[in-house]
$ cat work_38.cif   # mmCIF, C-alpha atoms and all ligand atoms
data_structure
loop_
_atom_site.label_atom_id
_atom_site.label_comp_id
_atom_site.auth_asym_id
_atom_site.auth_seq_id
_atom_site.Cartn_x
_atom_site.Cartn_y
_atom_site.Cartn_z
CA MET A 98 91.89 96.31 20.20
CA LYS A 99 93.62 98.30 17.42
CA ASN A 100 97.11 99.73 17.85
CA ILE A 101 98.28 103.06 16.47
CA VAL A 102 101.91 104.14 16.30
CA LEU A 103 102.53 107.84 15.66
CA PHE A 104 105.62 109.50 14.20
CA ALA A 105 106.27 113.21 14.78
CA SER A 106 109.18 115.64 14.50
CA GLY A 107 107.89 118.86 15.98
CA SER A 108 105.30 120.48 18.15
CA GLY A 109 102.96 117.51 18.18
CA SER A 110 99.68 119.38 18.39
CA ASN A 111 98.13 116.80 16.05
CA VAL A 112 99.58 113.98 18.14
CA GLU A 113 97.99 115.48 21.26
CA ASN A 114 94.67 115.92 19.47
CA ILE A 115 94.72 112.29 18.29
CA ILE A 116 95.69 110.97 21.74
CA LYS A 117 92.84 112.93 23.37
CA TYR A 118 90.34 111.78 20.74
CA PHE A 119 91.05 108.11 21.45
CA GLU A 120 91.51 108.53 25.22
CA HIS A 121 88.03 107.25 26.02
CA LYS A 122 87.78 104.73 23.22
CA PRO A 123 89.04 101.44 24.68
CA GLN A 124 89.01 99.73 21.27
CA VAL A 125 91.95 101.89 20.14
CA SER A 126 95.32 102.18 21.83
CA ILE A 127 98.15 104.63 21.11
CA ALA A 128 100.99 102.13 21.42
CA CYS A 129 103.82 104.64 21.14
CA VAL A 130 104.96 107.96 19.66
CA LEU A 131 108.29 107.89 17.84
CA THR A 132 110.31 111.04 17.21
CA ASN A 133 113.58 111.87 15.47
CA LYS A 134 114.03 115.17 17.37
CA ARG A 135 115.54 114.97 20.82
CA ASP A 136 114.09 118.35 21.87
CA ALA A 137 110.73 118.12 20.10
CA LYS A 138 107.78 119.55 22.00
CA VAL A 139 105.88 116.37 21.21
CA ILE A 140 108.00 114.61 23.89
CA ASP A 141 106.67 116.95 26.61
CA ARG A 142 103.13 116.49 25.37
CA CYS A 143 103.48 112.68 25.56
CA ASN A 144 104.94 112.87 29.06
CA LYS A 145 101.98 114.96 30.23
CA LEU A 146 99.50 112.61 28.56
CA LYS A 147 101.34 109.53 29.88
CA ILE A 148 101.95 108.05 26.43
CA ASN A 149 105.19 106.22 25.66
CA CYS A 150 107.50 108.28 23.45
CA LEU A 151 110.74 107.02 21.92
CA TYR A 152 113.50 109.08 20.39
CA PHE A 153 115.64 107.67 17.57
CA ASN A 154 118.34 109.26 15.44
CA LYS A 155 118.38 109.52 11.67
CA THR A 156 120.89 106.69 11.23
CA ALA A 157 118.80 104.31 13.31
CA PHE A 158 115.88 105.23 11.09
CA SER A 159 117.32 105.00 7.60
CA LYS A 160 120.37 102.75 7.88
CA SER A 161 119.41 100.00 10.29
CA ASP A 162 116.47 97.76 11.03
CA CYS A 163 116.09 99.26 14.50
CA ILE A 164 112.74 100.92 13.76
CA LEU A 165 111.48 97.80 11.98
CA LYS A 166 112.23 95.79 15.12
CA ILE A 167 110.49 98.32 17.36
CA LEU A 168 107.45 98.27 15.07
CA GLU A 169 107.42 94.47 15.04
CA ALA A 170 107.18 94.57 18.83
CA LEU A 171 104.46 97.24 18.82
CA GLN A 172 102.36 95.47 16.17
CA PRO A 173 100.66 98.56 14.74
CA ASP A 174 97.39 98.32 12.83
CA LEU A 175 98.10 101.81 11.54
CA ILE A 176 101.22 103.99 11.43
CA VAL A 177 100.38 107.67 11.43
CA LEU A 178 102.81 110.42 10.41
CA ALA A 179 101.72 113.63 12.12
CA GLY A 180 104.27 116.29 11.28
CA PHE A 181 107.08 113.82 10.65
CA LEU A 182 109.82 115.22 8.44
CA LEU A 183 112.04 112.29 7.43
CA LYS A 184 111.42 110.25 4.31
CA ILE A 185 110.09 106.78 5.12
CA PRO A 186 112.62 104.11 4.02
CA GLN A 187 111.50 101.64 1.38
CA SER A 188 111.88 98.72 3.81
CA LEU A 189 109.16 100.22 6.00
CA VAL A 190 106.83 101.04 3.11
CA LYS A 191 107.19 97.44 1.88
CA LYS A 192 106.62 95.93 5.31
CA TYR A 193 103.46 97.96 5.97
CA PRO A 194 101.61 98.36 2.66
CA ASN A 195 98.57 100.65 3.03
CA LYS A 196 99.21 100.90 6.74
CA ILE A 197 101.19 104.16 6.81
CA ILE A 198 99.37 107.47 6.41
CA ASN A 199 100.51 111.08 6.45
CA ILE A 200 98.83 114.44 6.84
CA HIS A 201 99.97 117.30 4.63
CA PRO A 202 98.88 120.92 5.17
CA SER A 203 97.85 121.70 1.59
CA LEU A 204 95.64 120.39 -1.16
CA LEU A 205 98.05 117.93 -2.76
CA PRO A 206 99.39 117.68 -5.42
CA LYS A 207 99.73 121.43 -4.88
CA PHE A 208 102.50 122.54 -2.53
CA GLY A 209 103.96 119.12 -1.78
CA GLY A 210 107.39 117.54 -2.11
CA LYS A 211 110.76 117.82 -0.42
CA GLY A 212 111.17 120.94 1.69
CA MET A 213 107.44 121.71 1.60
CA TYR A 214 106.36 121.48 5.20
CA GLY A 215 104.92 123.69 7.93
CA LYS A 216 105.19 127.42 7.30
CA TYR A 217 106.94 126.89 3.95
CA VAL A 218 103.71 125.44 2.58
CA HIS A 219 101.61 128.33 3.89
CA GLU A 220 104.12 130.91 2.63
CA ALA A 221 103.95 129.40 -0.85
CA VAL A 222 100.14 129.35 -0.73
CA LYS A 223 100.16 133.07 0.20
CA GLU A 224 102.76 133.88 -2.46
CA GLN A 225 100.67 132.18 -5.15
CA LYS A 226 97.58 134.14 -4.05
CA GLU A 227 95.55 130.94 -3.67
CA VAL A 228 91.85 131.46 -2.95
CA GLU A 229 91.64 128.20 -1.02
CA THR A 230 93.88 125.74 0.76
CA GLY A 231 93.32 122.70 2.93
CA ILE A 232 94.60 119.37 4.16
CA THR A 233 95.39 116.06 2.52
CA ILE A 234 95.57 112.72 4.28
CA HIS A 235 97.26 110.12 2.09
CA TYR A 236 98.95 106.75 2.10
CA VAL A 237 102.73 106.89 2.24
CA ASN A 238 105.00 105.57 -0.48
CA GLU A 239 108.73 106.03 -1.17
CA LYS A 240 108.30 109.62 -2.41
CA TYR A 241 107.43 112.74 -0.42
CA ASP A 242 103.69 113.53 -0.36
CA ASP A 243 102.94 111.18 -3.24
CA GLY A 244 100.81 108.21 -2.10
CA ALA A 245 97.12 107.67 -2.86
CA ILE A 246 94.86 110.34 -1.40
CA LEU A 247 92.40 109.20 1.28
CA PHE A 248 90.83 112.48 2.29
CA GLN A 249 90.93 116.20 1.58
CA ALA A 250 89.17 119.16 3.19
CA LYS A 251 89.25 122.77 2.01
CA THR A 252 89.12 126.20 3.57
CA GLU A 253 88.61 129.53 1.81
CA LEU A 254 91.32 132.15 1.91
CA LEU A 255 90.96 135.92 1.86
CA PRO A 256 93.56 138.15 0.19
CA ALA A 257 94.33 139.71 3.58
CA ASP A 258 95.00 136.36 5.30
CA SER A 259 98.53 136.31 6.71
CA VAL A 260 100.69 133.18 6.74
CA GLU A 261 99.75 132.78 10.43
CA VAL A 262 96.03 133.01 9.63
CA ILE A 263 96.43 130.44 6.84
CA ALA A 264 98.25 128.12 9.26
CA LYS A 265 95.45 128.54 11.82
CA LYS A 266 92.73 127.75 9.28
CA VAL A 267 94.61 124.63 8.15
CA GLY A 268 95.26 123.58 11.75
CA GLU A 269 91.54 123.74 12.50
CA LEU A 270 90.85 121.37 9.59
CA GLU A 271 93.56 119.00 10.80
CA TYR A 272 92.18 118.84 14.34
CA ALA A 273 88.60 118.42 13.09
CA HIS A 274 89.25 115.63 10.58
CA PHE A 275 92.48 113.70 11.21
CA PRO A 276 91.30 111.60 14.21
CA GLU A 277 88.03 110.70 12.45
CA VAL A 278 89.82 109.61 9.27
CA ILE A 279 92.11 107.42 11.41
CA GLU A 280 89.12 105.93 13.22
CA LYS A 281 87.33 105.13 9.95
CA LEU A 282 90.44 103.48 8.54
CA LEU A 283 90.80 101.32 11.64
CA ASP A 284 87.15 100.29 11.32
CA SER A 285 87.36 99.42 7.63
C1 LIG B 1 100.90 119.89 10.47
O1 LIG B 1 100.49 121.03 9.81
C2 LIG B 1 100.92 118.72 9.53
O2 LIG B 1 100.00 118.82 8.50
C3 LIG B 1 102.29 118.80 8.95
O3 LIG B 1 103.11 119.26 9.99
C4 LIG B 1 102.33 119.99 10.93
C5 LIG B 1 102.57 119.38 12.27
O4 LIG B 1 102.11 120.19 13.31
N1 LIG B 1 102.66 117.56 8.32
P1 LIG B 1 102.08 119.60 14.78
O5 LIG B 1 103.48 119.09 15.10
O6 LIG B 1 101.07 118.50 14.80
O7 LIG B 1 101.70 120.73 15.68
#

$ encode --input "work_38.cif" --output "structure tokens"
Amino acid sequence: MKNIVLFASGSGSNVENIIKYFEHKPQVSIACVLTNKRDAKVIDRCNKLKINCLYFNKTAFSKSDCILKILEALQPDLIVLAGFLLKIPQSLVKKYPNKIINIHPSLLPKFGGKGMYGKYVHEAVKEQKEVETGITIHYVNEKYDDGAILFQAKTELLPADSVEVIAKKVGELEYAHFPEVIEKLLDS
């Protein structure tokens, strides 16, 4: 049995997609979802799907070993950031080398870094008149969106594509590929 721990800060549509993907795969368990937002929609999704979800505040995350202790108890084989907006503290990166992955909604190294998340990424892609965009799944290190790239997938863009259309195209790639990349990593 392999354990996954997910971190999310927002809507949690990727979290829901991952939970549903592994629902009928007994070899993989979603041990817990951790969130730093008390009112995040991901909490409702977890309640509906009957998956444990824990809220923690920023201080608990960056200035104490509270999360380390929780993770020690959960014994994750993989830690997955799915729309998680806080920087991962060095202590965590050190404790779980090559065990923390993140999904970013652009073709890194383009449109990454601090402040580049969600619609801000898609707005910048539109502004720069990109002819393609995509997703990047990468290992996590101490810097934003900087670790070794594991997987990328692309989608074409049309000049008329709005920010919402770009977001939808990227979302479709995320739902299609993220669970499979996780599964392959757990198998490797
Ligand atoms: C996704 O686009 C993901 O790539 C990014 O944040 C978004 C999260 O969306 N890191 P959701 O919370 O999974 O709906």

$ closest_residue --input "work_38.cif" --among "A:Lys251, A:Val130, A:Ala157, A:Ile116" --to "Pro173 in chain A" --atoms "only C-alpha atoms"
A:Val130

$ residues_around --input "work_38.cif" --residues "range 142-149 of chain A" --least-positions-apart "5" --cutoff "10 Å" --atoms "all atoms listed in the file" --output "MDAnalysis selection string"
chainID A and resid 108:110 112:113 116:117 120 126:131 137

$ write_last_selection --input "work_38.cif" --atoms "C-alpha atoms" --output "PDB file, in the coordinates of the input"
ATOM      1  CA  SER A 108     105.300 120.480  18.150  1.00  0.00           C
ATOM      2  CA  GLY A 109     102.960 117.510  18.180  1.00  0.00           C
ATOM      3  CA  SER A 110      99.680 119.380  18.390  1.00  0.00           C
ATOM      4  CA  VAL A 112      99.580 113.980  18.140  1.00  0.00           C
ATOM      5  CA  GLU A 113      97.990 115.480  21.260  1.00  0.00           C
ATOM      6  CA  ILE A 116      95.690 110.970  21.740  1.00  0.00           C
ATOM      7  CA  LYS A 117      92.840 112.930  23.370  1.00  0.00           C
ATOM      8  CA  GLU A 120      91.510 108.530  25.220  1.00  0.00           C
ATOM      9  CA  SER A 126      95.320 102.180  21.830  1.00  0.00           C
ATOM     10  CA  ILE A 127      98.150 104.630  21.110  1.00  0.00           C
ATOM     11  CA  ALA A 128     100.990 102.130  21.420  1.00  0.00           C
ATOM     12  CA  CYS A 129     103.820 104.640  21.140  1.00  0.00           C
ATOM     13  CA  VAL A 130     104.960 107.960  19.660  1.00  0.00           C
ATOM     14  CA  LEU A 131     108.290 107.890  17.840  1.00  0.00           C
ATOM     15  CA  ALA A 137     110.730 118.120  20.100  1.00  0.00           C
TER      16      ALA A 137
END

$ atom_distance --input "work_38.cif" --atom1 "CA of Leu283 in chain A" --atom2 "CA of Lys138 in chain A"
27.0 Å

$ residues_near_ligand --input "work_38.cif" --ligand "ligand LIG 1 (chain B)" --cutoff "10 Å" --atoms "only C-alpha atoms and all ligand atoms" --output "PyMOL selection string"
chain A and resi 104-115+137-139+178-182+199-203+213-216+218-219+231-234+242+264-265+267-272+275

$ write_last_selection --input "work_38.cif" --atoms "C-alpha atoms" --output "PDB file, in the frame of the given file"
ATOM      1  CA  PHE A 104     105.620 109.500  14.200  1.00  0.00           C
ATOM      2  CA  ALA A 105     106.270 113.210  14.780  1.00  0.00           C
ATOM      3  CA  SER A 106     109.180 115.640  14.500  1.00  0.00           C
ATOM      4  CA  GLY A 107     107.890 118.860  15.980  1.00  0.00           C
ATOM      5  CA  SER A 108     105.300 120.480  18.150  1.00  0.00           C
ATOM      6  CA  GLY A 109     102.960 117.510  18.180  1.00  0.00           C
ATOM      7  CA  SER A 110      99.680 119.380  18.390  1.00  0.00           C
ATOM      8  CA  ASN A 111      98.130 116.800  16.050  1.00  0.00           C
ATOM      9  CA  VAL A 112      99.580 113.980  18.140  1.00  0.00           C
ATOM     10  CA  GLU A 113      97.990 115.480  21.260  1.00  0.00           C
ATOM     11  CA  ASN A 114      94.670 115.920  19.470  1.00  0.00           C
ATOM     12  CA  ILE A 115      94.720 112.290  18.290  1.00  0.00           C
ATOM     13  CA  ALA A 137     110.730 118.120  20.100  1.00  0.00           C
ATOM     14  CA  LYS A 138     107.780 119.550  22.000  1.00  0.00           C
ATOM     15  CA  VAL A 139     105.880 116.370  21.210  1.00  0.00           C
ATOM     16  CA  LEU A 178     102.810 110.420  10.410  1.00  0.00           C
ATOM     17  CA  ALA A 179     101.720 113.630  12.120  1.00  0.00           C
ATOM     18  CA  GLY A 180     104.270 116.290  11.280  1.00  0.00           C
ATOM     19  CA  PHE A 181     107.080 113.820  10.650  1.00  0.00           C
ATOM     20  CA  LEU A 182     109.820 115.220   8.440  1.00  0.00           C
ATOM     21  CA  ASN A 199     100.510 111.080   6.450  1.00  0.00           C
ATOM     22  CA  ILE A 200      98.830 114.440   6.840  1.00  0.00           C
ATOM     23  CA  HIS A 201      99.970 117.300   4.630  1.00  0.00           C
ATOM     24  CA  PRO A 202      98.880 120.920   5.170  1.00  0.00           C
ATOM     25  CA  SER A 203      97.850 121.700   1.590  1.00  0.00           C
ATOM     26  CA  MET A 213     107.440 121.710   1.600  1.00  0.00           C
ATOM     27  CA  TYR A 214     106.360 121.480   5.200  1.00  0.00           C
ATOM     28  CA  GLY A 215     104.920 123.690   7.930  1.00  0.00           C
ATOM     29  CA  LYS A 216     105.190 127.420   7.300  1.00  0.00           C
ATOM     30  CA  VAL A 218     103.710 125.440   2.580  1.00  0.00           C
ATOM     31  CA  HIS A 219     101.610 128.330   3.890  1.00  0.00           C
ATOM     32  CA  GLY A 231      93.320 122.700   2.930  1.00  0.00           C
ATOM     33  CA  ILE A 232      94.600 119.370   4.160  1.00  0.00           C
ATOM     34  CA  THR A 233      95.390 116.060   2.520  1.00  0.00           C
ATOM     35  CA  ILE A 234      95.570 112.720   4.280  1.00  0.00           C
ATOM     36  CA  ASP A 242     103.690 113.530  -0.360  1.00  0.00           C
ATOM     37  CA  ALA A 264      98.250 128.120   9.260  1.00  0.00           C
ATOM     38  CA  LYS A 265      95.450 128.540  11.820  1.00  0.00           C
ATOM     39  CA  VAL A 267      94.610 124.630   8.150  1.00  0.00           C
ATOM     40  CA  GLY A 268      95.260 123.580  11.750  1.00  0.00           C
ATOM     41  CA  GLU A 269      91.540 123.740  12.500  1.00  0.00           C
ATOM     42  CA  LEU A 270      90.850 121.370   9.590  1.00  0.00           C
ATOM     43  CA  GLU A 271      93.560 119.000  10.800  1.00  0.00           C
ATOM     44  CA  TYR A 272      92.180 118.840  14.340  1.00  0.00           C
ATOM     45  CA  PHE A 275      92.480 113.700  11.210  1.00  0.00           C
TER      46      PHE A 275
END

$ atom_distance --input "work_38.cif" --atom1 "CA of Lys266 in chain A" --atom2 "CA of Val228 in chain A"
12.8 Å

$ closest_residue --input "work_38.cif" --among "A:Ile101, A:Leu183, A:Leu189, A:Ile140" --to "Cys163 in chain A" --atoms "all atoms listed in the file"
A:Leu189

$ closest_residue --input "work_38.cif" --among "A:Ser285, A:Thr230, A:Lys223, A:Ile197" --to "Ala245 in chain A" --atoms "only C-alpha atoms"
A:Ile197

$ closest_residue --input "work_38.cif" --among "A:Lys226, A:Glu220, A:Phe248, A:Gly210" --to "Pro276 in chain A" --atoms "only C-alpha atoms"
A:Phe248

$ closest_residue --input "work_38.cif" --among "A:Asn238, A:Gln124, A:Gln187, A:Gln225" --to "Leu254 in chain A" --atoms "all atoms listed in the file"
A:Gln225

$ closest_residue --input "work_38.cif" --among "A:Ser188, A:Asn100, A:Ser259, A:Gln249" --to "Leu171 in chain A" --atoms "all atoms listed in the file"
A:Asn100

$ residues_around --input "work_38.cif" --residues "Glu227 in chain A" --least-positions-apart "6" --cutoff "10 Å" --atoms "only C-alpha atoms" --output "list of chain:residue names"
A:Ala221, A:Glu253, A:Leu254, A:Leu255, A:Pro256

$ decode --input "work_38.cif" --residues "range 152-269 of chain A" --atoms "C-alpha atoms" --output "PDB file, in the first residue's frame"
ATOM      1  CA  TYR A 152      -6.357  22.830   8.283  1.00  0.00           C
ATOM      2  CA  PHE A 153      -3.156  24.470   9.539  1.00  0.00           C
ATOM      3  CA  ASN A 154      -2.131  28.111   9.734  1.00  0.00           C
ATOM      4  CA  LYS A 155       0.919  29.692   8.142  1.00  0.00           C
ATOM      5  CA  THR A 156       2.875  29.841  11.411  1.00  0.00           C
ATOM      6  CA  ALA A 157       2.336  26.151  12.084  1.00  0.00           C
ATOM      7  CA  PHE A 158       3.629  25.513   8.586  1.00  0.00           C
ATOM      8  CA  SER A 159       6.744  27.651   8.403  1.00  0.00           C
ATOM      9  CA  LYS A 160       7.800  28.277  11.998  1.00  0.00           C
ATOM     10  CA  SER A 161       7.203  25.021  13.825  1.00  0.00           C
ATOM     11  CA  ASP A 162       7.689  21.318  13.294  1.00  0.00           C
ATOM     12  CA  CYS A 163       3.943  20.711  13.506  1.00  0.00           C
ATOM     13  CA  ILE A 164       3.584  19.688   9.846  1.00  0.00           C
ATOM     14  CA  LEU A 165       6.718  17.534  10.045  1.00  0.00           C
ATOM     15  CA  LYS A 166       5.169  15.656  12.957  1.00  0.00           C
ATOM     16  CA  ILE A 167       1.870  15.192  11.120  1.00  0.00           C
ATOM     17  CA  LEU A 168       3.738  13.892   8.077  1.00  0.00           C
ATOM     18  CA  GLU A 169       5.797  11.531  10.227  1.00  0.00           C
ATOM     19  CA  ALA A 170       2.540  10.032  11.473  1.00  0.00           C
ATOM     20  CA  LEU A 171       1.040   9.800   7.974  1.00  0.00           C
ATOM     21  CA  GLN A 172       4.165   8.223   6.447  1.00  0.00           C
ATOM     22  CA  PRO A 173       3.665   9.483   2.897  1.00  0.00           C
ATOM     23  CA  ASP A 174       5.311   7.772  -0.066  1.00  0.00           C
ATOM     24  CA  LEU A 175       4.552  10.895  -2.065  1.00  0.00           C
ATOM     25  CA  ILE A 176       3.576  14.454  -1.111  1.00  0.00           C
ATOM     26  CA  VAL A 177       1.581  16.154  -3.835  1.00  0.00           C
ATOM     27  CA  LEU A 178       1.047  19.911  -4.061  1.00  0.00           C
ATOM     28  CA  ALA A 179      -2.150  20.512  -6.030  1.00  0.00           C
ATOM     29  CA  GLY A 180      -2.788  24.238  -6.052  1.00  0.00           C
ATOM     30  CA  PHE A 181      -0.850  24.892  -2.852  1.00  0.00           C
ATOM     31  CA  LEU A 182       0.348  28.466  -2.546  1.00  0.00           C
ATOM     32  CA  LEU A 183       2.836  28.567   0.346  1.00  0.00           C
ATOM     33  CA  LYS A 184       6.543  28.025  -0.145  1.00  0.00           C
ATOM     34  CA  ILE A 185       7.678  24.657   1.213  1.00  0.00           C
ATOM     35  CA  PRO A 186      10.103  25.156   4.138  1.00  0.00           C
ATOM     36  CA  GLN A 187      13.620  23.826   3.729  1.00  0.00           C
ATOM     37  CA  SER A 188      13.141  21.389   6.622  1.00  0.00           C
ATOM     38  CA  LEU A 189      10.412  19.628   4.655  1.00  0.00           C
ATOM     39  CA  VAL A 190      12.344  19.581   1.379  1.00  0.00           C
ATOM     40  CA  LYS A 191      15.311  18.052   3.232  1.00  0.00           C
ATOM     41  CA  LYS A 192      13.214  15.456   5.026  1.00  0.00           C
ATOM     42  CA  TYR A 193      11.471  14.283   1.842  1.00  0.00           C
ATOM     43  CA  PRO A 194      14.007  14.464  -1.009  1.00  0.00           C
ATOM     44  CA  ASN A 195      12.382  13.635  -4.369  1.00  0.00           C
ATOM     45  CA  LYS A 196       9.128  12.877  -2.609  1.00  0.00           C
ATOM     46  CA  ILE A 197       7.387  16.239  -3.029  1.00  0.00           C
ATOM     47  CA  ILE A 198       5.903  17.168  -6.399  1.00  0.00           C
ATOM     48  CA  ASN A 199       3.973  20.182  -7.640  1.00  0.00           C
ATOM     49  CA  ILE A 200       1.793  20.953 -10.633  1.00  0.00           C
ATOM     50  CA  HIS A 201       2.170  24.329 -12.312  1.00  0.00           C
ATOM     51  CA  PRO A 202      -0.259  25.614 -14.966  1.00  0.00           C
ATOM     52  CA  SER A 203       2.318  26.701 -17.553  1.00  0.00           C
ATOM     53  CA  LEU A 204       5.276  25.364 -19.459  1.00  0.00           C
ATOM     54  CA  LEU A 205       8.014  26.109 -16.935  1.00  0.00           C
ATOM     55  CA  PRO A 206      10.430  27.860 -16.857  1.00  0.00           C
ATOM     56  CA  LYS A 207       7.980  30.219 -18.564  1.00  0.00           C
ATOM     57  CA  PHE A 208       5.485  31.964 -16.290  1.00  0.00           C
ATOM     58  CA  GLY A 209       6.724  30.585 -12.981  1.00  0.00           C
ATOM     59  CA  GLY A 210       7.948  32.103  -9.727  1.00  0.00           C
ATOM     60  CA  LYS A 211       6.470  33.994  -6.811  1.00  0.00           C
ATOM     61  CA  GLY A 212       3.033  35.432  -7.492  1.00  0.00           C
ATOM     62  CA  MET A 213       2.584  33.355 -10.647  1.00  0.00           C
ATOM     63  CA  TYR A 214      -0.364  31.141  -9.903  1.00  0.00           C
ATOM     64  CA  GLY A 215      -3.896  30.501 -11.143  1.00  0.00           C
ATOM     65  CA  LYS A 216      -5.349  33.234 -13.335  1.00  0.00           C
ATOM     66  CA  TYR A 217      -2.181  35.358 -13.077  1.00  0.00           C
ATOM     67  CA  VAL A 218      -0.344  32.724 -15.100  1.00  0.00           C
ATOM     68  CA  HIS A 219      -3.057  32.570 -17.762  1.00  0.00           C
ATOM     69  CA  GLU A 220      -3.303  36.368 -17.931  1.00  0.00           C
ATOM     70  CA  ALA A 221       0.443  36.599 -18.541  1.00  0.00           C
ATOM     71  CA  VAL A 222       0.252  33.881 -21.209  1.00  0.00           C
ATOM     72  CA  LYS A 223      -2.519  35.852 -22.966  1.00  0.00           C
ATOM     73  CA  GLU A 224      -0.632  39.141 -22.592  1.00  0.00           C
ATOM     74  CA  GLN A 225       2.490  37.628 -24.175  1.00  0.00           C
ATOM     75  CA  LYS A 226       0.423  36.290 -27.092  1.00  0.00           C
ATOM     76  CA  GLU A 227       1.751  32.761 -26.568  1.00  0.00           C
ATOM     77  CA  VAL A 228       0.754  30.253 -29.251  1.00  0.00           C
ATOM     78  CA  GLU A 229       0.865  27.373 -26.774  1.00  0.00           C
ATOM     79  CA  THR A 230       0.745  26.758 -23.055  1.00  0.00           C
ATOM     80  CA  GLY A 231       0.514  23.688 -20.864  1.00  0.00           C
ATOM     81  CA  ILE A 232       1.297  22.062 -17.552  1.00  0.00           C
ATOM     82  CA  THR A 233       4.475  21.164 -15.717  1.00  0.00           C
ATOM     83  CA  ILE A 234       4.778  18.567 -12.979  1.00  0.00           C
ATOM     84  CA  HIS A 235       8.066  18.936 -11.123  1.00  0.00           C
ATOM     85  CA  TYR A 236       9.916  18.020  -7.967  1.00  0.00           C
ATOM     86  CA  VAL A 237       9.827  20.680  -5.271  1.00  0.00           C
ATOM     87  CA  ASN A 238      12.903  22.432  -3.935  1.00  0.00           C
ATOM     88  CA  GLU A 239      13.345  25.559  -1.787  1.00  0.00           C
ATOM     89  CA  LYS A 240      12.464  27.945  -4.645  1.00  0.00           C
ATOM     90  CA  TYR A 241       9.087  28.539  -6.292  1.00  0.00           C
ATOM     91  CA  ASP A 242       8.505  26.409  -9.411  1.00  0.00           C
ATOM     92  CA  ASP A 243      12.172  25.498  -9.719  1.00  0.00           C
ATOM     93  CA  GLY A 244      12.732  21.761  -9.100  1.00  0.00           C
ATOM     94  CA  ALA A 245      13.558  19.141 -11.744  1.00  0.00           C
ATOM     95  CA  ILE A 246      10.826  18.694 -14.330  1.00  0.00           C
ATOM     96  CA  LEU A 247       9.105  15.298 -14.410  1.00  0.00           C
ATOM     97  CA  PHE A 248       6.449  15.865 -17.026  1.00  0.00           C
ATOM     98  CA  GLN A 249       5.065  18.498 -19.376  1.00  0.00           C
ATOM     99  CA  ALA A 250       2.068  18.518 -21.713  1.00  0.00           C
ATOM    100  CA  LYS A 251       1.135  21.244 -24.195  1.00  0.00           C
ATOM    101  CA  THR A 252      -2.017  22.709 -25.652  1.00  0.00           C
ATOM    102  CA  GLU A 253      -2.327  25.061 -28.620  1.00  0.00           C
ATOM    103  CA  LEU A 254      -3.733  28.524 -28.142  1.00  0.00           C
ATOM    104  CA  LEU A 255      -5.715  30.627 -30.583  1.00  0.00           C
ATOM    105  CA  PRO A 256      -5.416  34.430 -30.646  1.00  0.00           C
ATOM    106  CA  ALA A 257      -9.094  34.683 -29.669  1.00  0.00           C
ATOM    107  CA  ASP A 258      -8.737  32.440 -26.592  1.00  0.00           C
ATOM    108  CA  SER A 259      -9.795  34.333 -23.470  1.00  0.00           C
ATOM    109  CA  VAL A 260      -8.088  33.887 -20.105  1.00  0.00           C
ATOM    110  CA  GLU A 261     -11.010  31.625 -19.118  1.00  0.00           C
ATOM    111  CA  VAL A 262     -10.573  29.479 -22.236  1.00  0.00           C
ATOM    112  CA  ILE A 263      -6.831  29.196 -21.555  1.00  0.00           C
ATOM    113  CA  ALA A 264      -7.586  28.132 -17.975  1.00  0.00           C
ATOM    114  CA  LYS A 265     -10.055  25.512 -19.231  1.00  0.00           C
ATOM    115  CA  LYS A 266      -7.562  24.062 -21.726  1.00  0.00           C
ATOM    116  CA  VAL A 267      -4.884  23.859 -19.019  1.00  0.00           C
ATOM    117  CA  GLY A 268      -7.344  22.329 -16.544  1.00  0.00           C
ATOM    118  CA  GLU A 269      -8.172  19.576 -19.026  1.00  0.00           C
TER     119      GLU A 269
END
